[in-house]
2 protein chains.
Amino acid sequence: MTNNELTVHPLDQAVALKALDQGRWQGTTSQAYANMVGPFGGTTGATLLQGVLSHEELLGEPVSLTVNFAAPVADGNFEVVARPLRTNRNSQHWWAEMVQDGQVVAFATVVTARRRDTWEQTEAAFPDVPLASDLPIFSKKSVPPWTRNYDMRFVDGELMEAPDQDHPSRSRVWMRDQPPRPLDYVSLSALCDAFFPRIYVRRPKLVPIGTVSLTTYFHTNGEQLASAGTEHVLGIARANHFGKGFFDQSAEVWSRAGGLLATTHQVVYFKE
Amino acid sequence: MTNNELTVHPLDQAVALKALDQGRWQGTTSQAYANMVGPFGGTTGATLLQGVLSHEELLGEPVSLTVNFAAPVADGNFEVVARPLRTNRNSQHWWAEMVQDGQVVAFATVVTARRRDTWEQTEAAFPDVPLASDLPIFSKKSVPPWTRNYDMRFVDGELMEAPDQDHPSRSRVWMRDQPPRPLDYVSLSALCDAFFPRIYVRRPKLVPIGTVSLTTYFHTNGEQLASAGTEHVLGIARANHFGKGFFDQSAEVWSRAGGLLATTHQVVYFKE
């Protein structure tokens, strides 16, 4: 056994939960995943999902996750509470919340299900893009700490550059945890929030932003997810509309082998 | 005053709530919006939103709505409970649930906000399609009762037909309430669930299906919404992936004048 094998991955540290009671845990925000203010939302959502996945009454695997960012998460300790709202024969609806000082700062609803083999068809198309290994690693200096936990390689749509005329808010980016970590639902849920805000791609001007609500649909079972290993995944994100203080984002996340792992959507507050 | 002005629109009947207590109401499912089993999900979601919009502590207008369909809704009475989970200066996070026999059958989380004028840009493109007035009204016989409350006019992607080669699960359809009713958040939220299941477009075979979770992002304020009046709106829906018992749907809803009113996403269970 080497030292490396003894080291807990930074993501697993960030989402670590210590049981307090049935369906109640304590966690601590991670400096490694610090954002401009408070922690990276991807780890907040992943921590709420981690609560559900740790619950002893869990049935099946995640199908859908919606995370609402209700208030700024303060650096330090928090509690996570998760409980099944409804358990059916093959599916379950969950509530999970993150609490600081007796106040809800973030919450999630999750659907889990026993997934079965059915007819299968992907309609979205995997694009013709260079391999991750042929692209430079994103390494802008003035970006928040959490980005250093991801190896990102942009095909196009990088931050604060002249937008593409045909796809002004679109980014196509290979991503993986840094250091590499085998893909699972927790890390995939965080990756789904690792796209830079579309407004910084579409309009290279720094304004305050914050994700308000984030929904992810998982399209694979755990076994398929595990087979992606530590390879990069390809994320493709775009906005549909900016206006009246909010914009949306829709994205697909693909395995290197061309399997659609997740589709993910969010609505984001912006100023001006 | 004519008799017509005294008549309550069927949608308003379906979502009508009688106050029981602060943040608690009673409602009744509407036979006019019956689906194959239980009521049309669009009215279930609209009723939960109606609870939030009726709450005396409401701040602002809807930005985001996620509805989870936890169990079949039985025909008859239900209770709706809504409560603010977190109130910020300009935004609010809500919980709403529908209860029958002491059990949660559906629930929603809602974000409302005071929306302000900001930079505005629509990136999704309004397509070149015929006007609603130039298209026949959809009138298949073997469809559930709720469809008769909508005037639908398909540009393409009708139900149970040979799928389009390039866009096999896509539908483009003009829709409005029937009888016509001025557009508001409640009716728009129901319209966002009025797309036929993508699997019936992509694969013309009748199998059991059920929406599990539905998320809608509203891109207009109430004033802009009201200006759409009783005109048809154009819905464009497609699936990204079908497999392991679930598929997703992403859709845009446009005003006749070409304004993007909402983007909406759902994940749907299917058998086989």
# chains A, B, ... in the order shown; residues from 1 in each chain; ligands from 1
call {"tool": "interface_residues", "arguments": {"of": "chain B", "to": "chain A", "cutoff": "6 Å", "atoms": "only C-alpha atoms", "output": "PDB file with N, CA, C and O atoms, in the first residue's frame"}}
result
ATOM      1  N   ARG B 115     -38.307  40.383 -10.326  1.00  0.00           N
ATOM      2  CA  ARG B 115     -37.455  40.445 -11.511  1.00  0.00           C
ATOM      3  C   ARG B 115     -37.246  41.894 -11.922  1.00  0.00           C
ATOM      4  O   ARG B 115     -38.150  42.717 -11.838  1.00  0.00           O
ATOM      5  N   ARG B 116     -36.028  42.166 -12.364  1.00  0.00           N
ATOM      6  CA  ARG B 116     -35.690  43.538 -12.728  1.00  0.00           C
ATOM      7  C   ARG B 116     -35.173  43.578 -14.159  1.00  0.00           C
ATOM      8  O   ARG B 116     -34.669  42.576 -14.670  1.00  0.00           O
ATOM      9  N   ASP B 117     -35.248  44.731 -14.767  1.00  0.00           N
ATOM     10  CA  ASP B 117     -34.730  44.866 -16.119  1.00  0.00           C
ATOM     11  C   ASP B 117     -33.217  44.720 -16.110  1.00  0.00           C
ATOM     12  O   ASP B 117     -32.521  45.350 -15.303  1.00  0.00           O
ATOM     13  N   THR B 118     -32.712  43.883 -17.000  1.00  0.00           N
ATOM     14  CA  THR B 118     -31.279  43.682 -17.165  1.00  0.00           C
ATOM     15  C   THR B 118     -31.012  43.543 -18.659  1.00  0.00           C
ATOM     16  O   THR B 118     -31.932  43.605 -19.476  1.00  0.00           O
ATOM     17  N   TRP B 119     -29.778  43.304 -18.983  1.00  0.00           N
ATOM     18  CA  TRP B 119     -29.397  42.901 -20.327  1.00  0.00           C
ATOM     19  C   TRP B 119     -30.264  41.717 -20.741  1.00  0.00           C
ATOM     20  O   TRP B 119     -30.576  40.848 -19.925  1.00  0.00           O
ATOM     21  N   GLU B 120     -30.658  41.665 -21.988  1.00  0.00           N
ATOM     22  CA  GLU B 120     -31.582  40.638 -22.437  1.00  0.00           C
ATOM     23  C   GLU B 120     -31.114  40.061 -23.767  1.00  0.00           C
ATOM     24  O   GLU B 120     -30.692  40.804 -24.661  1.00  0.00           O
ATOM     25  N   GLN B 121     -31.169  38.762 -23.894  1.00  0.00           N
ATOM     26  CA  GLN B 121     -30.697  38.116 -25.115  1.00  0.00           C
ATOM     27  C   GLN B 121     -31.307  36.715 -25.201  1.00  0.00           C
ATOM     28  O   GLN B 121     -31.216  35.956 -24.243  1.00  0.00           O
ATOM     29  N   THR B 122     -31.930  36.403 -26.317  1.00  0.00           N
ATOM     30  CA  THR B 122     -32.421  35.037 -26.504  1.00  0.00           C
ATOM     31  C   THR B 122     -31.495  34.326 -27.462  1.00  0.00           C
ATOM     32  O   THR B 122     -31.221  34.823 -28.554  1.00  0.00           O
ATOM     33  N   GLU B 123     -30.989  33.179 -27.029  1.00  0.00           N
ATOM     34  CA  GLU B 123     -30.047  32.467 -27.882  1.00  0.00           C
ATOM     35  C   GLU B 123     -30.731  31.367 -28.690  1.00  0.00           C
ATOM     36  O   GLU B 123     -30.376  31.125 -29.837  1.00  0.00           O
ATOM     37  N   ALA B 124     -31.708  30.713 -28.085  1.00  0.00           N
ATOM     38  CA  ALA B 124     -32.494  29.740 -28.847  1.00  0.00           C
ATOM     39  C   ALA B 124     -33.200  30.497 -29.971  1.00  0.00           C
ATOM     40  O   ALA B 124     -33.497  31.681 -29.830  1.00  0.00           O
ATOM     41  N   ASN B 240     -33.543  13.616 -25.338  1.00  0.00           N
ATOM     42  CA  ASN B 240     -32.116  13.396 -25.551  1.00  0.00           C
ATOM     43  C   ASN B 240     -31.755  11.918 -25.488  1.00  0.00           C
ATOM     44  O   ASN B 240     -30.896  11.449 -26.215  1.00  0.00           O
ATOM     45  N   HIS B 241     -32.404  11.199 -24.566  1.00  0.00           N
ATOM     46  CA  HIS B 241     -32.027   9.799 -24.356  1.00  0.00           C
ATOM     47  C   HIS B 241     -33.183   8.979 -23.798  1.00  0.00           C
ATOM     48  O   HIS B 241     -33.910   9.434 -22.913  1.00  0.00           O
ATOM     49  N   PHE B 242     -33.320   7.772 -24.306  1.00  0.00           N
ATOM     50  CA  PHE B 242     -34.253   6.767 -23.784  1.00  0.00           C
ATOM     51  C   PHE B 242     -33.408   5.570 -23.329  1.00  0.00           C
ATOM     52  O   PHE B 242     -32.561   5.093 -24.080  1.00  0.00           O
ATOM     53  N   GLY B 243     -33.663   5.044 -22.149  1.00  0.00           N
ATOM     54  CA  GLY B 243     -32.952   3.833 -21.750  1.00  0.00           C
ATOM     55  C   GLY B 243     -33.118   3.497 -20.289  1.00  0.00           C
ATOM     56  O   GLY B 243     -33.389   4.379 -19.473  1.00  0.00           O
ATOM     57  N   LYS B 244     -32.972   2.210 -19.970  1.00  0.00           N
ATOM     58  CA  LYS B 244     -33.066   1.740 -18.583  1.00  0.00           C
ATOM     59  C   LYS B 244     -34.318   2.268 -17.884  1.00  0.00           C
ATOM     60  O   LYS B 244     -34.297   2.653 -16.719  1.00  0.00           O
ATOM     61  N   GLY B 245     -35.422   2.294 -18.646  1.00  0.00           N
ATOM     62  CA  GLY B 245     -36.718   2.595 -18.042  1.00  0.00           C
ATOM     63  C   GLY B 245     -37.100   4.052 -17.924  1.00  0.00           C
ATOM     64  O   GLY B 245     -38.165   4.366 -17.396  1.00  0.00           O
ATOM     65  N   GLU B 272     -40.590  -1.092 -20.845  1.00  0.00           N
ATOM     66  CA  GLU B 272     -40.050  -1.828 -22.012  1.00  0.00           C
ATOM     67  C   GLU B 272     -39.261  -0.987 -22.994  1.00  0.00           C
ATOM     68  O   GLU B 272     -39.784  -0.170 -23.703  1.00  0.00           O
TER      69      GLU B 272
END
call {"tool": "select_by_dssp", "arguments": {"residues": "segment 25-262 of chain A", "states": "strand (DSSP E or B)", "output": "ChimeraX atom specification"}}
result
/A:25-28,34,39,61-69,77-87,91-100,103-113,121-122,150-156,171-177,209-218,233-238,241-243,246-254,260-262
call {"tool": "residues_around", "arguments": {"residues": "segment 150-158 of chain B", "least_positions_apart": "6", "cutoff": "8 Å", "atoms": "only C-alpha atoms", "output": "PyMOL selection string"}}
result
chain B and resi 129-130+132+135-138+164+168-179+201
call {"tool": "closest_residue", "arguments": {"among": "B:Ala82, B:Ile209, B:Ala251, B:Ala32", "to": "Leu58 of chain B", "atoms": "only C-alpha atoms"}}
result
B:Ala82
call {"tool": "closest_residue", "arguments": {"among": "B:Leu131, B:Leu159, B:Val37, B:Leu53", "to": "Val15 of chain B", "atoms": "only C-alpha atoms"}}
result
B:Leu53
call {"tool": "residues_around", "arguments": {"residues": "Lys205 of chain B", "least_positions_apart": "6", "cutoff": "10 Å", "atoms": "only C-alpha atoms", "output": "count of residues only"}}
result
4
call {"tool": "residues_around", "arguments": {"residues": "Glu231 of chain B", "least_positions_apart": "3", "cutoff": "9 Å", "atoms": "only C-alpha atoms", "output": "list of chain:residue names"}}
result
B:Met175, B:Arg176, B:Pro180, B:Arg181, B:Pro182, B:Leu183, B:Ala228, B:Ser255, B:Arg256
call {"tool": "write_last_selection", "arguments": {"atoms": "all heavy atoms", "output": "compact mmCIF listing (two decimals), in the first residue's frame"}}
result
# COMPACT_ATOMS: atom_id res chain seq x y z
N MET B 175 -50.17 25.60 -29.33
CA MET B 175 -51.10 25.16 -28.29
C MET B 175 -51.74 26.37 -27.62
O MET B 175 -51.11 27.41 -27.47
CB MET B 175 -50.34 24.40 -27.19
CG MET B 175 -49.48 23.26 -27.67
SD MET B 175 -48.72 22.33 -26.30
CE MET B 175 -47.41 23.46 -25.80
N ARG B 176 -52.99 26.18 -27.21
CA ARG B 176 -53.58 27.15 -26.30
C ARG B 176 -54.71 26.47 -25.52
O ARG B 176 -55.17 25.39 -25.91
CB ARG B 176 -54.10 28.38 -27.02
CG ARG B 176 -55.36 28.18 -27.81
CD ARG B 176 -55.94 29.54 -28.25
NE ARG B 176 -56.99 29.33 -29.23
CZ ARG B 176 -57.38 30.26 -30.09
NH1 ARG B 176 -56.77 31.43 -30.13
NH2 ARG B 176 -58.36 30.00 -30.94
N PRO B 180 -60.30 29.43 -25.08
CA PRO B 180 -59.16 30.33 -24.88
C PRO B 180 -59.20 30.99 -23.50
O PRO B 180 -60.27 31.28 -22.98
CB PRO B 180 -59.33 31.38 -25.98
CG PRO B 180 -60.14 30.69 -27.04
CD PRO B 180 -61.05 29.76 -26.31
N ARG B 181 -58.03 31.18 -22.92
CA ARG B 181 -57.90 31.76 -21.58
C ARG B 181 -56.61 32.58 -21.58
O ARG B 181 -55.59 32.09 -22.06
CB ARG B 181 -57.82 30.62 -20.55
CG ARG B 181 -57.58 31.06 -19.11
CD ARG B 181 -57.33 29.81 -18.25
NE ARG B 181 -57.03 30.14 -16.86
CZ ARG B 181 -55.87 30.60 -16.41
NH1 ARG B 181 -54.88 30.82 -17.25
NH2 ARG B 181 -55.71 30.83 -15.12
N PRO B 182 -56.62 33.80 -21.05
CA PRO B 182 -55.38 34.61 -21.07
C PRO B 182 -54.25 33.87 -20.35
O PRO B 182 -54.45 33.28 -19.29
CB PRO B 182 -55.78 35.88 -20.30
CG PRO B 182 -57.27 35.95 -20.39
CD PRO B 182 -57.75 34.52 -20.43
N LEU B 183 -53.07 33.92 -20.95
CA LEU B 183 -51.92 33.19 -20.42
C LEU B 183 -51.45 33.78 -19.09
O LEU B 183 -51.36 34.99 -18.93
CB LEU B 183 -50.78 33.25 -21.44
CG LEU B 183 -49.65 32.25 -21.28
CD1 LEU B 183 -50.14 30.82 -21.49
CD2 LEU B 183 -48.53 32.55 -22.28
N ALA B 228 -49.23 38.01 -24.00
CA ALA B 228 -49.48 36.90 -24.95
C ALA B 228 -50.98 36.64 -25.09
O ALA B 228 -51.41 36.01 -26.06
CB ALA B 228 -48.74 35.64 -24.51
N SER B 255 -43.92 32.59 -27.41
CA SER B 255 -45.13 33.36 -27.73
C SER B 255 -45.22 33.49 -29.25
O SER B 255 -44.24 33.31 -29.97
CB SER B 255 -45.06 34.75 -27.10
OG SER B 255 -44.15 35.57 -27.81
N ARG B 256 -46.41 33.81 -29.71
CA ARG B 256 -46.59 33.99 -31.16
C ARG B 256 -45.71 35.11 -31.68
O ARG B 256 -45.24 35.09 -32.81
CB ARG B 256 -48.06 34.32 -31.44
CG ARG B 256 -48.35 34.18 -32.91
CD ARG B 256 -49.70 34.68 -33.30
NE ARG B 256 -49.61 35.22 -34.66
CZ ARG B 256 -50.64 35.58 -35.39
NH1 ARG B 256 -51.86 35.48 -34.90
NH2 ARG B 256 -50.46 36.05 -36.60
call {"tool": "residues_around", "arguments": {"residues": "segment 186-189 of chain B", "least_positions_apart": "6", "cutoff": "7 Å", "atoms": "only C-alpha atoms", "output": "VMD selection string"}}
result
chain B and resid 42 46 49 to 50
call {"tool": "write_last_selection", "arguments": {"atoms": "all heavy atoms", "output": "compact mmCIF listing (two decimals), in the first residue's frame"}}
result
# COMPACT_ATOMS: atom_id res chain seq x y z
N GLY B 42 -50.06 18.13 -15.69
CA GLY B 42 -49.95 19.58 -15.84
C GLY B 42 -50.84 20.32 -14.85
O GLY B 42 -50.44 21.36 -14.31
N ALA B 46 -49.75 22.68 -11.76
CA ALA B 46 -50.35 24.03 -11.75
C ALA B 46 -51.06 24.29 -10.42
O ALA B 46 -51.08 25.42 -9.93
CB ALA B 46 -51.31 24.18 -12.92
N LEU B 49 -48.42 25.11 -7.87
CA LEU B 49 -47.97 26.49 -8.11
C LEU B 49 -49.04 27.47 -7.61
O LEU B 49 -48.72 28.50 -7.00
CB LEU B 49 -47.70 26.70 -9.60
CG LEU B 49 -47.22 28.09 -10.00
CD1 LEU B 49 -45.91 28.46 -9.32
CD2 LEU B 49 -47.06 28.20 -11.52
N GLN B 50 -50.30 27.14 -7.87
CA GLN B 50 -51.41 27.97 -7.42
C GLN B 50 -51.37 28.15 -5.89
O GLN B 50 -51.64 29.24 -5.38
CB GLN B 50 -52.73 27.31 -7.86
CG GLN B 50 -53.98 27.99 -7.39
CD GLN B 50 -54.32 29.21 -8.24
OE1 GLN B 50 -53.48 29.77 -8.93
NE2 GLN B 50 -55.55 29.63 -8.15
